[in-house]
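Colleague: The structure is given below, and queries will be raised subsequently.
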Amino acid sequence: MRTKIVVGNWKMNNTIAESLELATGIAEAVGKGIHCCEVGIAPSFPALHEVGKVIEWSDISLAAQNCHYENDGAFTGEVSARMLAALGCSFVILGHSERRQLFGETSAIVNRKVKKALEEGLRVILCVGETLHEREIGVTESVITGQVVEGLDGVSDISNLVIAYEPVWAIGTGMTATSAQAEEVHASIRATVAGIYSPAVADHLRIQYGGSVKPSNAVELFSMPNIDGGLIGGASLNVGDFMAIVKAAC
Ligand code: PGA
């Protein structure tokens, strides 16, 4: 039985003060002793440290939205996995479609980041997803399989990894994949992982869905057999909506 996981991806939103207010609200609502679902929040880099302090007492995990694939060095503007681990992050989101599309991250770069983050003891949320054009021309499965295979290249142990399937056309657009569309891709990701590792490893892997998840569609999405929670953007910026989605996972 896989424990569902719901993570709020705050993206480039909220000052430190605003982040603290939101994090405090979520920590009070989640509290301690929640066993039905794992909960995480991913504030911006500047807010990570302070947010980490206000959620420390609760069951919420701290997540970062990106990291570099080297530990130190001349990489102006970058943040390393080692730094994130040292400040108390549990998770890092890697390969988000906004990183791939707007910042030129290839699957090869994402793969280097995945390996470094795991090596530094972080848990990884590896994002994959097809564009609308790719869905329309019928290459969704091959695109997703390619991103999974390349993202996991040379990674021998995925027990600290979660995959997030996020169709690019559903992110921030209000268009959600139907539960059947999402389930089809999740099942295919699990089959790919079974082929690379083993059916038992694939059975343990959690695969989140992301892309316009809201309180109104979360229950149906999360009831699908291969959907193990969600990576939530817009709706994670509001305590009530985020908590309704967490409850849906429970
Ligand atoms: P959204 O974003 O929920 O606003 O669509 C999801 C994501 O990009 O992780």
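Order determines the names: the first chain of the structure tokens is A, the second B, and so forth; residues in each chain are numbered 1 upward, and ligands are numbered 1 upward as they are shown.
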I need the helix (DSSP H, G or I) residues of range 9-223 of chain A per DSSP on the backbone, written as a ChimeraX atom specification.
Modeller: /A:16-30,45-55,81-86,97-102,107-119,132-136,140-151,168-170,179-196,199-204,215-222
Colleague: Counting only C-alpha atoms and all ligand atoms, what residues are within 9 Å of ligand 1, given as a JSON list (two decimals) with C-alpha atoms, in the first residue's frame?
Modeller:
```
[["chain", "number", "residue", "atom", "x", "y", "z"],
["A", 7, "VAL", "CA", 3.14, 18.71, -2.20],
["A", 8, "GLY", "CA", 2.45, 22.41, -2.71],
["A", 9, "ASN", "CA", 4.70, 23.99, -5.33],
["A", 10, "TRP", "CA", 4.57, 27.69, -4.54],
["A", 11, "LYS", "CA", 6.67, 28.58, -7.60],
["A", 96, "HIS", "CA", 9.48, 20.75, -13.66],
["A", 97, "SER", "CA", 8.16, 21.65, -17.11],
["A", 98, "GLU", "CA", 8.72, 25.35, -16.39],
["A", 127, "CYS", "CA", 8.53, 15.80, -13.01],
["A", 164, "ALA", "CA", 5.12, 13.64, -10.81],
["A", 166, "GLU", "CA", 2.28, 16.90, -15.07],
["A", 168, "VAL", "CA", 2.23, 20.75, -19.63],
["A", 169, "TRP", "CA", -1.12, 21.77, -21.11],
["A", 170, "ALA", "CA", -2.80, 21.32, -17.74],
["A", 171, "ILE", "CA", -0.39, 23.40, -15.65],
["A", 172, "GLY", "CA", -1.87, 26.70, -14.52],
["A", 173, "THR", "CA", -4.43, 26.58, -17.33],
["A", 174, "GLY", "CA", -7.47, 25.33, -15.45],
["A", 175, "MET", "CA", -7.53, 22.37, -17.89],
["A", 176, "THR", "CA", -7.09, 19.15, -15.93],
["A", 209, "TYR", "CA", -0.46, 13.93, -10.69],
["A", 210, "GLY", "CA", -0.05, 17.68, -11.21],
["A", 211, "GLY", "CA", -1.83, 20.22, -13.38],
["A", 212, "SER", "CA", -4.78, 22.32, -12.19],
["A", 213, "VAL", "CA", -5.59, 20.03, -9.25],
["A", 214, "LYS", "CA", -8.37, 21.67, -7.23],
["A", 230, "GLY", "CA", -0.65, 15.47, -6.26],
["A", 231, "LEU", "CA", 1.84, 18.23, -6.98],
["A", 232, "ILE", "CA", -0.23, 21.35, -6.50],
["A", 233, "GLY", "CA", 0.57, 24.80, -7.90],
["A", 234, "GLY", "CA", -2.08, 27.53, -7.79],
["A", 235, "ALA", "CA", -4.35, 25.82, -5.26],
["A", 236, "SER", "CA", -1.45, 25.39, -2.81]]
```
Colleague: Counting only C-alpha atoms, what are the residues of range 136-214 of chain A within 10 Å of range 89-93 of chain A, and for each of them which pair of atoms is the nearest and at what distance in Å, to one decimal? Sort the table by chain and rising number, as JSON lines.
Modeller:
```
{"residue": "A:Asn160", "atom": "CA", "partner": "A:Phe91", "partner_atom": "CA", "distance": 9.2}
{"residue": "A:Leu161", "atom": "CA", "partner": "A:Phe91", "partner_atom": "CA", "distance": 9.1}
{"residue": "A:Val162", "atom": "CA", "partner": "A:Ile93", "partner_atom": "CA", "distance": 9.4}
{"residue": "A:Ile163", "atom": "CA", "partner": "A:Ile93", "partner_atom": "CA", "distance": 9.6}
{"residue": "A:Ala164", "atom": "CA", "partner": "A:Ile93", "partner_atom": "CA", "distance": 9.1}
```
Colleague: Fewer than 2 positions away in the same chain doesn't count, so skip those; otherwise give me all residues within 7 Å of range 41-50 of chain A, counting only C-alpha atoms, as a ChimeraX atom specification.
Modeller: /A:7-12,16,19,52-54,61-65,87
Colleague: Would you output that residue set with N, CA and C atoms, as a PDB file, in the first residue's frame?
Modeller:
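So the final result, stored in result.pdb, reads:
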```pdb
ATOM      1  N   VAL A   7       2.125  17.667  -2.390  1.00  0.00           N
ATOM      2  CA  VAL A   7       3.144  18.708  -2.196  1.00  0.00           C
ATOM      3  C   VAL A   7       2.682  19.991  -2.879  1.00  0.00           C
ATOM      4  N   GLY A   8       2.795  21.089  -2.154  1.00  0.00           N
ATOM      5  CA  GLY A   8       2.454  22.405  -2.711  1.00  0.00           C
ATOM      6  C   GLY A   8       3.691  23.034  -3.332  1.00  0.00           C
ATOM      7  N   ASN A   9       3.599  23.333  -4.619  1.00  0.00           N
ATOM      8  CA  ASN A   9       4.700  23.988  -5.331  1.00  0.00           C
ATOM      9  C   ASN A   9       4.336  25.463  -5.450  1.00  0.00           C
ATOM     10  N   TRP A  10       4.960  26.275  -4.599  1.00  0.00           N
ATOM     11  CA  TRP A  10       4.574  27.695  -4.536  1.00  0.00           C
ATOM     12  C   TRP A  10       5.147  28.503  -5.705  1.00  0.00           C
ATOM     13  N   LYS A  11       6.050  27.901  -6.456  1.00  0.00           N
ATOM     14  CA  LYS A  11       6.675  28.584  -7.602  1.00  0.00           C
ATOM     15  C   LYS A  11       7.255  29.937  -7.160  1.00  0.00           C
ATOM     16  N   MET A  12       7.273  30.940  -8.070  1.00  0.00           N
ATOM     17  CA  MET A  12       7.888  32.229  -7.697  1.00  0.00           C
ATOM     18  C   MET A  12       6.817  33.151  -7.112  1.00  0.00           C
ATOM     19  N   ILE A  16       9.068  36.521   1.992  1.00  0.00           N
ATOM     20  CA  ILE A  16       9.313  35.691   3.185  1.00  0.00           C
ATOM     21  C   ILE A  16       8.139  35.843   4.161  1.00  0.00           C
ATOM     22  N   SER A  19       5.169  34.030   2.897  1.00  0.00           N
ATOM     23  CA  SER A  19       5.420  32.578   2.978  1.00  0.00           C
ATOM     24  C   SER A  19       5.208  32.077   4.401  1.00  0.00           C
ATOM     25  N   GLY A  52      11.061  26.605   7.090  1.00  0.00           N
ATOM     26  CA  GLY A  52      11.501  25.367   7.745  1.00  0.00           C
ATOM     27  C   GLY A  52      11.324  25.456   9.252  1.00  0.00           C
ATOM     28  N   LYS A  53      11.621  26.638   9.815  1.00  0.00           N
ATOM     29  CA  LYS A  53      11.509  26.789  11.273  1.00  0.00           C
ATOM     30  C   LYS A  53      10.052  26.748  11.744  1.00  0.00           C
ATOM     31  N   VAL A  54       9.135  27.379  10.973  1.00  0.00           N
ATOM     32  CA  VAL A  54       7.743  27.395  11.459  1.00  0.00           C
ATOM     33  C   VAL A  54       6.988  26.083  11.211  1.00  0.00           C
ATOM     34  N   SER A  61       6.744  18.273   5.303  1.00  0.00           N
ATOM     35  CA  SER A  61       8.131  18.222   4.830  1.00  0.00           C
ATOM     36  C   SER A  61       8.449  19.481   4.039  1.00  0.00           C
ATOM     37  N   LEU A  62       9.701  19.903   4.163  1.00  0.00           N
ATOM     38  CA  LEU A  62      10.159  21.090   3.441  1.00  0.00           C
ATOM     39  C   LEU A  62      10.747  20.641   2.095  1.00  0.00           C
ATOM     40  N   ALA A  63      10.325  21.333   1.040  1.00  0.00           N
ATOM     41  CA  ALA A  63      10.806  20.975  -0.302  1.00  0.00           C
ATOM     42  C   ALA A  63      11.350  22.210  -1.007  1.00  0.00           C
ATOM     43  N   ALA A  64      12.360  22.006  -1.848  1.00  0.00           N
ATOM     44  CA  ALA A  64      12.861  23.078  -2.703  1.00  0.00           C
ATOM     45  C   ALA A  64      12.360  22.830  -4.123  1.00  0.00           C
ATOM     46  N   GLN A  65      12.430  23.867  -4.929  1.00  0.00           N
ATOM     47  CA  GLN A  65      11.845  23.770  -6.281  1.00  0.00           C
ATOM     48  C   GLN A  65      12.860  23.423  -7.369  1.00  0.00           C
ATOM     49  N   LEU A  87      20.162  22.881   5.065  1.00  0.00           N
ATOM     50  CA  LEU A  87      19.179  23.769   5.713  1.00  0.00           C
ATOM     51  C   LEU A  87      17.900  23.045   6.097  1.00  0.00           C
TER      52      LEU A  87
END
```
Colleague: Leaving out range 72-84 of chain A and any residue of its chain fewer than 5 positions from it, which residues lie within 7 Å of it when counting only C-alpha atoms, given as an mmCIF file with N, CA and C atoms, in the first residue's frame?
Modeller:
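The resulting file, part.cif, is reproduced below:
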```cif
data_model
loop_
_atom_site.group_PDB
_atom_site.id
_atom_site.type_symbol
_atom_site.label_atom_id
_atom_site.label_comp_id
_atom_site.auth_asym_id
_atom_site.auth_seq_id
_atom_site.Cartn_x
_atom_site.Cartn_y
_atom_site.Cartn_z
ATOM 1 N N CYS A 67 17.523 22.516 -7.882
ATOM 2 C CA CYS A 67 18.886 22.626 -7.359
ATOM 3 C C CYS A 67 19.861 22.448 -8.513
ATOM 4 N N CYS A 89 15.989 20.762 4.105
ATOM 5 C CA CYS A 89 15.024 20.326 3.085
ATOM 6 C C CYS A 89 14.971 18.808 3.054
ATOM 7 N N LYS A 116 22.673 13.894 -8.133
ATOM 8 C CA LYS A 116 23.332 14.675 -7.082
ATOM 9 C C LYS A 116 22.424 14.830 -5.858
ATOM 10 N N ALA A 117 21.150 15.120 -6.105
ATOM 11 C CA ALA A 117 20.224 15.333 -4.984
ATOM 12 C C ALA A 117 20.093 14.056 -4.147
ATOM 13 N N GLU A 120 23.079 13.480 -2.023
ATOM 14 C CA GLU A 120 23.145 14.377 -0.863
ATOM 15 C C GLU A 120 22.066 14.075 0.168
#
```
Colleague: Can you list, as a VMD selection string, every residue of range 80-243 of chain A that DSSP puts in strand (DSSP E or B)?
Modeller: chain A and resid 80 91 to 94 123 to 128 161 to 165 206 to 210 229 to 232
Colleague: Env of Ala29 in chain A: 9 Å cut, atoms = only C-alpha atoms, seq-sep filter 4 positions within chain, self excluded. Answer as a list in words.
Modeller: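 The residues that qualify are Thr24, Gly25, Val239 and Met243 of chain A.
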Colleague: Identify which of the residues A:Ala249, A:Leu20, A:Ile196, A:Ala177 lies closest to Val155 in chain A, counting only C-alpha atoms when measuring atom-to-atom distances.
Modeller: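 Closest candidate: A:Ile196.
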Colleague: Find the residue from A:Val185, A:Ile26, A:Val110, A:Leu237 that sits nearest to Val139 in chain A; use only C-alpha atoms when measuring.
Modeller: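 When distances to Val139 in chain A are compared using only C-alpha atoms, the smallest one comes from A:Val185.
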Colleague: Enter the distance from CA of Ser156 in chain A to CA of Glu184 in chain A, in Å, rounded to one decimal.
Modeller: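 Rounded to one decimal, the two atoms are 25.7 Å apart.
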Colleague: Applying 7 Å and only C-alpha atoms, which residues near Cys37 in chain A remain after dropping the ones on its own chain fewer than 4 positions away? List them as a list in words.
Modeller: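 Non-adjacent residues within range: Thr3, Lys4, Ile5, Ala249 and Cys250 of chain A.
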Colleague: Could you turn the residues from that selection into a file that holds C-alpha atoms, as a PDB file, in the first residue's frame?
Modeller:
```pdb
ATOM      1  CA  THR A   3       1.023   6.363   1.183  1.00  0.00           C
ATOM      2  CA  LYS A   4      -0.302   9.262  -0.847  1.00  0.00           C
ATOM      3  CA  ILE A   5       1.793  12.396  -1.071  1.00  0.00           C
ATOM      4  CA  ALA A 249      -5.878  12.290  -0.570  1.00  0.00           C
ATOM      5  CA  CYS A 250      -6.906  10.913   2.820  1.00  0.00           C
TER       6      CYS A 250
END
```
Colleague: Might you pull out every residue within 7 Å of Pro167 in chain A, with only C-alpha atoms counted and same-chain residues fewer than 5 positions away left off, and present them as a ChimeraX atom specification?
Modeller: /A:129-131,211
